[in-house]
Amino acid sequence: MGHLRAAGHKPGIPVALACAAIAIFSVWIGFGVGGPTVTKVVDDLSTLLAAAAAAVACQRASKRVSARHRRFWLLLGAASAAWAFAEGAWAVYDLILDVDVPVPSYADLGYLGAIPLAVAGLLCHPAHRHTAAARARAILDGSILATALLFLNWTFVLGPVWRENDMTTATGLVSVGYPFGDVVILFLLVRVLLRLDGAHRRAVGYVLLGLFAMAVSDSAYTYLTAVRGYTTGNLIDVGWLAAYAAIAVGACAARAETNTQPVYERHSLDAPSSASALVPFAPLFLALGVLTVRVQHGTAIDTASLLLAFALTGLVLVRQSIAVVSPAGRS
């Protein structure tokens, strides 16, 4: 059988446009070009247009890819539409009603409503790696990243917010819903990404990059909201624009399969590289470094942080054990 070939748009132009938009937006927001009012208008309308562009790009990608991948892009497009609704609601509060956006609000309905749609899309995404060892490594790698992100989130954002807010109120639940939802999405996305072949990995990789930027901005927003330090025009808004732009680029990079991949190529995908064997140690060293710095500065380490650090260590050890005892291609 022939090699896997794909048809679709080359991502060069979308990548260039996305980078230019992010750069212009960053400069505009960072320097407050035109004053606070103009900056607010540019901020709100830019994020709204970027989310809408991501929704349209995903919908177009769903028509271009094979039937196996169509549901993924349709559901990701629905999530992007929910984000666009949220950005639109935020703009109404901000620009038309000229009031502080309440928590919870109609904007939160869109932001949080996008999470189950994105999760559903990732759960139904087809994967090409079929051996038990490959599936186990993908799940463990996703778990390692998710645990590391949850550890950092809890240490710097969720822990303080959890201790200082009433979690029995809608405001408290909304404030922690964003970071937890992002962790779940990133876990599933890494699991999908690590099980894909090169023809589809680029598109999903752009989506991963975008959702990671969204996770960082969501965590920063949660913290700033808790300390009442967020207003429209904050530099963290760049993360959301970058997230929507990266999803749109990923959708443009999505390609349709025109042939099937040889069996020997599929099995070769299961062989982990030397670099991939070391990658899981990066989040572990990061977590241990954070713990070390906090101990040196006399900061109390709570039970949740310790448990997450131990869980992260255990996941890395299990992952490396599987890599050692499971030769490439063994099912």
# chains A, B, ... in the order shown; residues from 1 in each chain; ligands from 1
>>> select_by_dssp(residues="range 104-234 of chain A", states="helix (DSSP H, G or I)", output="VMD selection string")
chain A and resid 106 to 123 132 to 164 170 to 193 198 to 226
>>> closest_atom_pairs(of="range 167-245 of chain A", to="range 55-72 of chain A", cutoff="12 Å", atoms="only C-alpha atoms", output="tab-separated table")
residue	atom	partner	partner_atom	distance
A:Leu189	CA	A:Phe72	CA	11.2
A:Val192	CA	A:Phe72	CA	11.0
A:Leu196	CA	A:His69	CA	11.7
A:Ala199	CA	A:Val65	CA	11.7
A:His200	CA	A:His69	CA	9.7
A:Ala203	CA	A:Ala61	CA	10.4
A:Val204	CA	A:Phe72	CA	10.3
A:Val207	CA	A:Cys58	CA	10.7
A:Tyr244	CA	A:Ala55	CA	8.8
A:Ala245	CA	A:Ala57	CA	10.0
>>> residues_around(residues="Phe180 in chain A", least_positions_apart="3", cutoff="10 Å", atoms="only C-alpha atoms", output="ChimeraX atom specification")
/A:115,146,149-150,153-154,158,175-177,183-185,215,218-219
>>> write_last_selection(atoms="C-alpha atoms", output="mmCIF file, in the first residue's frame")
data_model
loop_
_atom_site.group_PDB
_atom_site.id
_atom_site.type_symbol
_atom_site.label_atom_id
_atom_site.label_comp_id
_atom_site.auth_asym_id
_atom_site.auth_seq_id
_atom_site.Cartn_x
_atom_site.Cartn_y
_atom_site.Cartn_z
ATOM 1 C CA ILE A 115 -15.453 22.883 28.062
ATOM 2 C CA ALA A 146 -2.331 17.270 33.610
ATOM 3 C CA LEU A 149 -0.502 21.699 35.461
ATOM 4 C CA LEU A 150 -2.853 20.952 38.350
ATOM 5 C CA ASN A 153 -2.404 25.731 39.344
ATOM 6 C CA TRP A 154 -3.050 24.628 42.901
ATOM 7 C CA LEU A 158 -6.360 27.410 42.877
ATOM 8 C CA SER A 175 -13.707 30.775 39.676
ATOM 9 C CA VAL A 176 -12.254 27.258 39.956
ATOM 10 C CA GLY A 177 -14.190 25.814 37.009
ATOM 11 C CA VAL A 183 -6.553 20.604 32.893
ATOM 12 C CA VAL A 184 -9.063 17.992 31.689
ATOM 13 C CA ILE A 185 -8.972 19.349 28.126
ATOM 14 C CA ALA A 215 -5.149 27.571 30.236
ATOM 15 C CA ASP A 218 -7.649 31.299 32.527
ATOM 16 C CA SER A 219 -5.437 30.639 35.547
#
>>> atom_distance(atom1="CA of Gly110 in chain A", atom2="CA of Gly159 in chain A")
24.9 Å
>>> residues_around(residues="Phe187 in chain A", least_positions_apart="3", cutoff="12 Å", atoms="only C-alpha atoms", output="PDB file with C-alpha atoms, in the first residue's frame")
ATOM      1  CA  ALA A 118     -14.147  20.401  23.630  1.00  0.00           C
ATOM      2  CA  VAL A 119     -13.918  17.348  25.907  1.00  0.00           C
ATOM      3  CA  LEU A 122     -11.335  14.964  22.083  1.00  0.00           C
ATOM      4  CA  LEU A 123     -12.989  11.811  23.388  1.00  0.00           C
ATOM      5  CA  ALA A 138      -0.232   8.232  25.706  1.00  0.00           C
ATOM      6  CA  ILE A 139      -2.527   8.056  28.741  1.00  0.00           C
ATOM      7  CA  LEU A 140       0.372   8.360  31.175  1.00  0.00           C
ATOM      8  CA  ASP A 141       1.963  11.266  29.286  1.00  0.00           C
ATOM      9  CA  GLY A 142      -1.348  13.095  29.342  1.00  0.00           C
ATOM     10  CA  SER A 143      -1.749  12.316  33.044  1.00  0.00           C
ATOM     11  CA  ILE A 144       1.761  13.592  33.780  1.00  0.00           C
ATOM     12  CA  LEU A 145       1.108  16.898  32.023  1.00  0.00           C
ATOM     13  CA  ALA A 146      -2.331  17.270  33.610  1.00  0.00           C
ATOM     14  CA  THR A 147      -0.967  16.526  37.103  1.00  0.00           C
ATOM     15  CA  ALA A 148       1.910  18.984  36.611  1.00  0.00           C
ATOM     16  CA  LEU A 149      -0.502  21.699  35.461  1.00  0.00           C
ATOM     17  CA  LEU A 150      -2.853  20.952  38.350  1.00  0.00           C
ATOM     18  CA  PHE A 180      -9.980  22.472  36.313  1.00  0.00           C
ATOM     19  CA  GLY A 181     -11.698  22.357  32.922  1.00  0.00           C
ATOM     20  CA  ASP A 182      -8.489  23.396  31.161  1.00  0.00           C
ATOM     21  CA  VAL A 183      -6.553  20.604  32.893  1.00  0.00           C
ATOM     22  CA  VAL A 184      -9.063  17.992  31.689  1.00  0.00           C
ATOM     23  CA  VAL A 190      -2.050  15.349  24.821  1.00  0.00           C
ATOM     24  CA  ARG A 191      -3.441  11.814  24.822  1.00  0.00           C
ATOM     25  CA  VAL A 192      -4.771  12.350  21.281  1.00  0.00           C
ATOM     26  CA  LEU A 193      -1.649  14.145  20.063  1.00  0.00           C
ATOM     27  CA  LEU A 194       0.723  11.398  21.186  1.00  0.00           C
ATOM     28  CA  LEU A 208      -2.780  22.026  21.852  1.00  0.00           C
ATOM     29  CA  LEU A 211      -5.502  25.530  24.531  1.00  0.00           C
ATOM     30  CA  PHE A 212      -2.301  25.753  26.574  1.00  0.00           C
ATOM     31  CA  ALA A 215      -5.149  27.571  30.236  1.00  0.00           C
TER      32      ALA A 215
END
>>> atom_distance(atom1="CA of Ala81 in chain A", atom2="CA of Gly121 in chain A")
13.6 Å
